[in-house]
Amino acid sequence: MTLSHGTAPPEIGTRGPEGIRCAWDEDVCDRTAEHVLAFRGADTLVLCPRHDAAKLAWLLDLHMPDCDGGLREHIATYGPIAAPIAVPRDEPSDPEA
Ligand SMILES: [Zn+2]
Ligand SMILES: [Zn+2]
């Protein structure tokens, strides 16, 4: 998987909260998706809790060490499907600014 760090906001489908299959793309997963995970410039994923954690672990352990961007520059949306949390790209009081 590659990240483009694009600027287009992700769109979250309006499918109902029930019966969405986990969108884990590296193996077949029959679990029900419960979490949303959207990387900037990539598709919004709906994942079961286990694969949501696995995807985050991939980002933190394998991608971030070789990337200059912070978490906020990678993740646009996360959280439960019923109440996803949008991550603002920039914080007003960023100490690094
Ligand atoms: Zn899964
Ligand atoms: Zn990156």
# chains A, B, ... in the order shown; residues from 1 in each chain; ligands from 1

call {"tool": "closest_atom_pairs", "arguments": {"of": "chain A", "to": "ligand 2", "cutoff": "10 Å", "atoms": "only C-alpha atoms and all ligand atoms", "output": "JSON lines"}}
result
{"residue": "A:Thr2", "atom": "CA", "partner": "ligand 2", "partner_atom_place_in_ligand_line": "1 (Zn)", "distance": 8.4}
{"residue": "A:Leu3", "atom": "CA", "partner": "ligand 2", "partner_atom_place_in_ligand_line": "1 (Zn)", "distance": 6.1}
{"residue": "A:Ser4", "atom": "CA", "partner": "ligand 2", "partner_atom_place_in_ligand_line": "1 (Zn)", "distance": 7.8}
{"residue": "A:His5", "atom": "CA", "partner": "ligand 2", "partner_atom_place_in_ligand_line": "1 (Zn)", "distance": 6.9}
{"residue": "A:Phe39", "atom": "CA", "partner": "ligand 2", "partner_atom_place_in_ligand_line": "1 (Zn)", "distance": 9.7}
{"residue": "A:Arg40", "atom": "CA", "partner": "ligand 2", "partner_atom_place_in_ligand_line": "1 (Zn)", "distance": 9.5}
{"residue": "A:Leu59", "atom": "CA", "partner": "ligand 2", "partner_atom_place_in_ligand_line": "1 (Zn)", "distance": 8.3}
{"residue": "A:Leu60", "atom": "CA", "partner": "ligand 2", "partner_atom_place_in_ligand_line": "1 (Zn)", "distance": 9.9}
{"residue": "A:His63", "atom": "CA", "partner": "ligand 2", "partner_atom_place_in_ligand_line": "1 (Zn)", "distance": 6.3}
{"residue": "A:Met64", "atom": "CA", "partner": "ligand 2", "partner_atom_place_in_ligand_line": "1 (Zn)", "distance": 6.1}
{"residue": "A:Pro65", "atom": "CA", "partner": "ligand 2", "partner_atom_place_in_ligand_line": "1 (Zn)", "distance": 8.9}
{"residue": "A:Asp66", "atom": "CA", "partner": "ligand 2", "partner_atom_place_in_ligand_line": "1 (Zn)", "distance": 7.6}
{"residue": "A:Cys67", "atom": "CA", "partner": "ligand 2", "partner_atom_place_in_ligand_line": "1 (Zn)", "distance": 4.7}
{"residue": "A:Asp68", "atom": "CA", "partner": "ligand 2", "partner_atom_place_in_ligand_line": "1 (Zn)", "distance": 6.6}
{"residue": "A:Gly69", "atom": "CA", "partner": "ligand 2", "partner_atom_place_in_ligand_line": "1 (Zn)", "distance": 5.3}
{"residue": "A:Gly70", "atom": "CA", "partner": "ligand 2", "partner_atom_place_in_ligand_line": "1 (Zn)", "distance": 7.6}
{"residue": "A:Leu71", "atom": "CA", "partner": "ligand 2", "partner_atom_place_in_ligand_line": "1 (Zn)", "distance": 8.5}
{"residue": "A:Glu73", "atom": "CA", "partner": "ligand 2", "partner_atom_place_in_ligand_line": "1 (Zn)", "distance": 7.5}
{"residue": "A:His74", "atom": "CA", "partner": "ligand 2", "partner_atom_place_in_ligand_line": "1 (Zn)", "distance": 6.2}
{"residue": "A:Ile75", "atom": "CA", "partner": "ligand 2", "partner_atom_place_in_ligand_line": "1 (Zn)", "distance": 9.7}

call {"tool": "write_last_selection", "arguments": {"atoms": "N, CA and C atoms", "output": "PDB file, in the first residue's frame"}}
result
ATOM      1  N   THR A   2       0.497   2.219  -0.792  1.00  0.00           N
ATOM      2  CA  THR A   2       1.218   3.482  -0.805  1.00  0.00           C
ATOM      3  C   THR A   2       0.286   4.601  -0.400  1.00  0.00           C
ATOM      4  N   LEU A   3       0.858   5.618   0.175  1.00  0.00           N
ATOM      5  CA  LEU A   3       0.065   6.769   0.580  1.00  0.00           C
ATOM      6  C   LEU A   3       0.454   7.957  -0.292  1.00  0.00           C
ATOM      7  N   SER A   4      -0.517   8.641  -0.793  1.00  0.00           N
ATOM      8  CA  SER A   4      -0.221   9.764  -1.674  1.00  0.00           C
ATOM      9  C   SER A   4      -0.246  11.092  -0.941  1.00  0.00           C
ATOM     10  N   HIS A   5      -0.749  11.102   0.258  1.00  0.00           N
ATOM     11  CA  HIS A   5      -0.889  12.344   1.014  1.00  0.00           C
ATOM     12  C   HIS A   5      -1.694  13.362   0.238  1.00  0.00           C
ATOM     13  N   PHE A  39      -7.248   6.985   5.401  1.00  0.00           N
ATOM     14  CA  PHE A  39      -5.968   7.633   5.185  1.00  0.00           C
ATOM     15  C   PHE A  39      -6.178   8.781   4.205  1.00  0.00           C
ATOM     16  N   ARG A  40      -5.414   9.832   4.387  1.00  0.00           N
ATOM     17  CA  ARG A  40      -5.536  10.958   3.474  1.00  0.00           C
ATOM     18  C   ARG A  40      -5.110  10.525   2.070  1.00  0.00           C
ATOM     19  N   LEU A  59       0.766   1.319   9.992  1.00  0.00           N
ATOM     20  CA  LEU A  59       1.139   2.718   9.792  1.00  0.00           C
ATOM     21  C   LEU A  59       2.217   3.135  10.787  1.00  0.00           C
ATOM     22  N   LEU A  60       2.003   2.813  12.036  1.00  0.00           N
ATOM     23  CA  LEU A  60       2.910   3.260  13.086  1.00  0.00           C
ATOM     24  C   LEU A  60       4.256   2.543  13.017  1.00  0.00           C
ATOM     25  N   HIS A  63       5.327   2.318   8.361  1.00  0.00           N
ATOM     26  CA  HIS A  63       5.351   3.482   7.472  1.00  0.00           C
ATOM     27  C   HIS A  63       5.941   4.724   8.147  1.00  0.00           C
ATOM     28  N   MET A  64       5.451   5.043   9.318  1.00  0.00           N
ATOM     29  CA  MET A  64       5.845   6.288   9.981  1.00  0.00           C
ATOM     30  C   MET A  64       7.352   6.430  10.192  1.00  0.00           C
ATOM     31  N   PRO A  65       8.065   5.377  10.541  1.00  0.00           N
ATOM     32  CA  PRO A  65       9.507   5.549  10.767  1.00  0.00           C
ATOM     33  C   PRO A  65      10.244   6.091   9.548  1.00  0.00           C
ATOM     34  N   ASP A  66       9.724   5.846   8.360  1.00  0.00           N
ATOM     35  CA  ASP A  66      10.396   6.293   7.144  1.00  0.00           C
ATOM     36  C   ASP A  66       9.687   7.480   6.498  1.00  0.00           C
ATOM     37  N   CYS A  67       8.793   8.091   7.226  1.00  0.00           N
ATOM     38  CA  CYS A  67       8.008   9.173   6.646  1.00  0.00           C
ATOM     39  C   CYS A  67       8.113  10.403   7.535  1.00  0.00           C
ATOM     40  N   ASP A  68       8.174  11.559   6.900  1.00  0.00           N
ATOM     41  CA  ASP A  68       8.303  12.792   7.661  1.00  0.00           C
ATOM     42  C   ASP A  68       6.980  13.255   8.259  1.00  0.00           C
ATOM     43  N   GLY A  69       5.894  12.771   7.719  1.00  0.00           N
ATOM     44  CA  GLY A  69       4.590  13.255   8.147  1.00  0.00           C
ATOM     45  C   GLY A  69       4.199  12.727   9.515  1.00  0.00           C
ATOM     46  N   GLY A  70       3.398  13.490  10.204  1.00  0.00           N
ATOM     47  CA  GLY A  70       2.864  13.059  11.485  1.00  0.00           C
ATOM     48  C   GLY A  70       1.575  12.292  11.305  1.00  0.00           C
ATOM     49  N   LEU A  71       1.057  11.776  12.397  1.00  0.00           N
ATOM     50  CA  LEU A  71      -0.185  11.003  12.326  1.00  0.00           C
ATOM     51  C   LEU A  71      -1.305  11.804  11.680  1.00  0.00           C
ATOM     52  N   GLU A  73      -1.217  13.913   9.472  1.00  0.00           N
ATOM     53  CA  GLU A  73      -1.086  14.044   8.026  1.00  0.00           C
ATOM     54  C   GLU A  73      -1.395  12.743   7.306  1.00  0.00           C
ATOM     55  N   HIS A  74      -1.611  11.696   8.050  1.00  0.00           N
ATOM     56  CA  HIS A  74      -1.906  10.405   7.435  1.00  0.00           C
ATOM     57  C   HIS A  74      -3.353   9.986   7.600  1.00  0.00           C
ATOM     58  N   ILE A  75      -3.891  10.216   8.775  1.00  0.00           N
ATOM     59  CA  ILE A  75      -5.237   9.737   9.058  1.00  0.00           C
ATOM     60  C   ILE A  75      -6.219  10.889   8.982  1.00  0.00           C
TER      61      ILE A  75
END

call {"tool": "closest_atom_pairs", "arguments": {"of": "chain A", "to": "ligand 1", "cutoff": "10 Å", "atoms": "only C-alpha atoms and all ligand atoms", "output": "Markdown table"}}
result
| residue | atom | partner | partner_atom_place_in_ligand_line | distance |
| --- | --- | --- | --- | --- |
| A:Arg21 | CA | ligand 1 | 1 (Zn) | 7.9 |
| A:Cys22 | CA | ligand 1 | 1 (Zn) | 4.7 |
| A:Ala23 | CA | ligand 1 | 1 (Zn) | 6.6 |
| A:Trp24 | CA | ligand 1 | 1 (Zn) | 5.3 |
| A:Asp25 | CA | ligand 1 | 1 (Zn) | 8.8 |
| A:Glu26 | CA | ligand 1 | 1 (Zn) | 9.6 |
| A:Asp27 | CA | ligand 1 | 1 (Zn) | 8.4 |
| A:Val28 | CA | ligand 1 | 1 (Zn) | 7.7 |
| A:Cys29 | CA | ligand 1 | 1 (Zn) | 4.7 |
| A:Asp30 | CA | ligand 1 | 1 (Zn) | 6.7 |
| A:Arg31 | CA | ligand 1 | 1 (Zn) | 5.4 |
| A:Thr32 | CA | ligand 1 | 1 (Zn) | 7.3 |
| A:Ala33 | CA | ligand 1 | 1 (Zn) | 6.8 |
| A:Glu34 | CA | ligand 1 | 1 (Zn) | 9.2 |
| A:His35 | CA | ligand 1 | 1 (Zn) | 9.9 |
| A:Val46 | CA | ligand 1 | 1 (Zn) | 8.8 |
| A:Leu47 | CA | ligand 1 | 1 (Zn) | 5.4 |
| A:Cys48 | CA | ligand 1 | 1 (Zn) | 4.3 |
| A:Pro49 | CA | ligand 1 | 1 (Zn) | 7.0 |
| A:Arg50 | CA | ligand 1 | 1 (Zn) | 6.0 |
| A:His51 | CA | ligand 1 | 1 (Zn) | 4.6 |
| A:Asp52 | CA | ligand 1 | 1 (Zn) | 7.4 |
| A:Ala53 | CA | ligand 1 | 1 (Zn) | 9.6 |
| A:Ala54 | CA | ligand 1 | 1 (Zn) | 9.0 |
| A:Lys55 | CA | ligand 1 | 1 (Zn) | 10.0 |

call {"tool": "write_last_selection", "arguments": {"atoms": "C-alpha atoms", "output": "PDB file, in the first residue's frame"}}
result
ATOM      1  CA  ARG A  21     -18.111  -6.616   5.716  1.00  0.00           C
ATOM      2  CA  CYS A  22     -14.617  -5.807   6.903  1.00  0.00           C
ATOM      3  CA  ALA A  23     -12.653  -4.309   4.013  1.00  0.00           C
ATOM      4  CA  TRP A  24      -9.297  -5.781   5.001  1.00  0.00           C
ATOM      5  CA  ASP A  25      -7.513  -6.124   1.704  1.00  0.00           C
ATOM      6  CA  GLU A  26      -4.706  -8.501   2.519  1.00  0.00           C
ATOM      7  CA  ASP A  27      -6.786 -11.490   3.431  1.00  0.00           C
ATOM      8  CA  VAL A  28     -10.389 -12.610   3.485  1.00  0.00           C
ATOM      9  CA  CYS A  29     -12.198 -11.396   6.570  1.00  0.00           C
ATOM     10  CA  ASP A  30     -15.801 -12.267   7.284  1.00  0.00           C
ATOM     11  CA  ARG A  31     -16.134 -10.155  10.373  1.00  0.00           C
ATOM     12  CA  THR A  32     -18.500  -7.237  10.492  1.00  0.00           C
ATOM     13  CA  ALA A  33     -16.824  -3.892  10.076  1.00  0.00           C
ATOM     14  CA  GLU A  34     -17.188  -1.692  13.118  1.00  0.00           C
ATOM     15  CA  HIS A  35     -14.511   0.937  12.659  1.00  0.00           C
ATOM     16  CA  VAL A  46     -14.393   0.046   7.161  1.00  0.00           C
ATOM     17  CA  LEU A  47     -12.740  -2.621   9.237  1.00  0.00           C
ATOM     18  CA  CYS A  48     -13.400  -5.024  12.025  1.00  0.00           C
ATOM     19  CA  PRO A  49     -11.703  -4.022  15.290  1.00  0.00           C
ATOM     20  CA  ARG A  50      -8.879  -6.483  14.797  1.00  0.00           C
ATOM     21  CA  HIS A  51      -7.957  -5.261  11.359  1.00  0.00           C
ATOM     22  CA  ASP A  52      -8.466  -1.645  12.321  1.00  0.00           C
ATOM     23  CA  ALA A  53      -5.759  -2.203  14.912  1.00  0.00           C
ATOM     24  CA  ALA A  54      -3.627  -4.081  12.400  1.00  0.00           C
ATOM     25  CA  LYS A  55      -3.839  -1.242   9.886  1.00  0.00           C
TER      26      LYS A  55
END

call {"tool": "closest_residue", "arguments": {"among": "A:Leu45, A:Leu62, A:Gly19, A:Arg72", "to": "Val87 in chain A", "atoms": "only C-alpha atoms"}}
result
A:Arg72

call {"tool": "select_by_dssp", "arguments": {"residues": "range 54-96 of chain A", "states": "helix (DSSP H, G or I)", "output": "PyMOL selection string"}}
result
chain A and resi 54-66+71-73
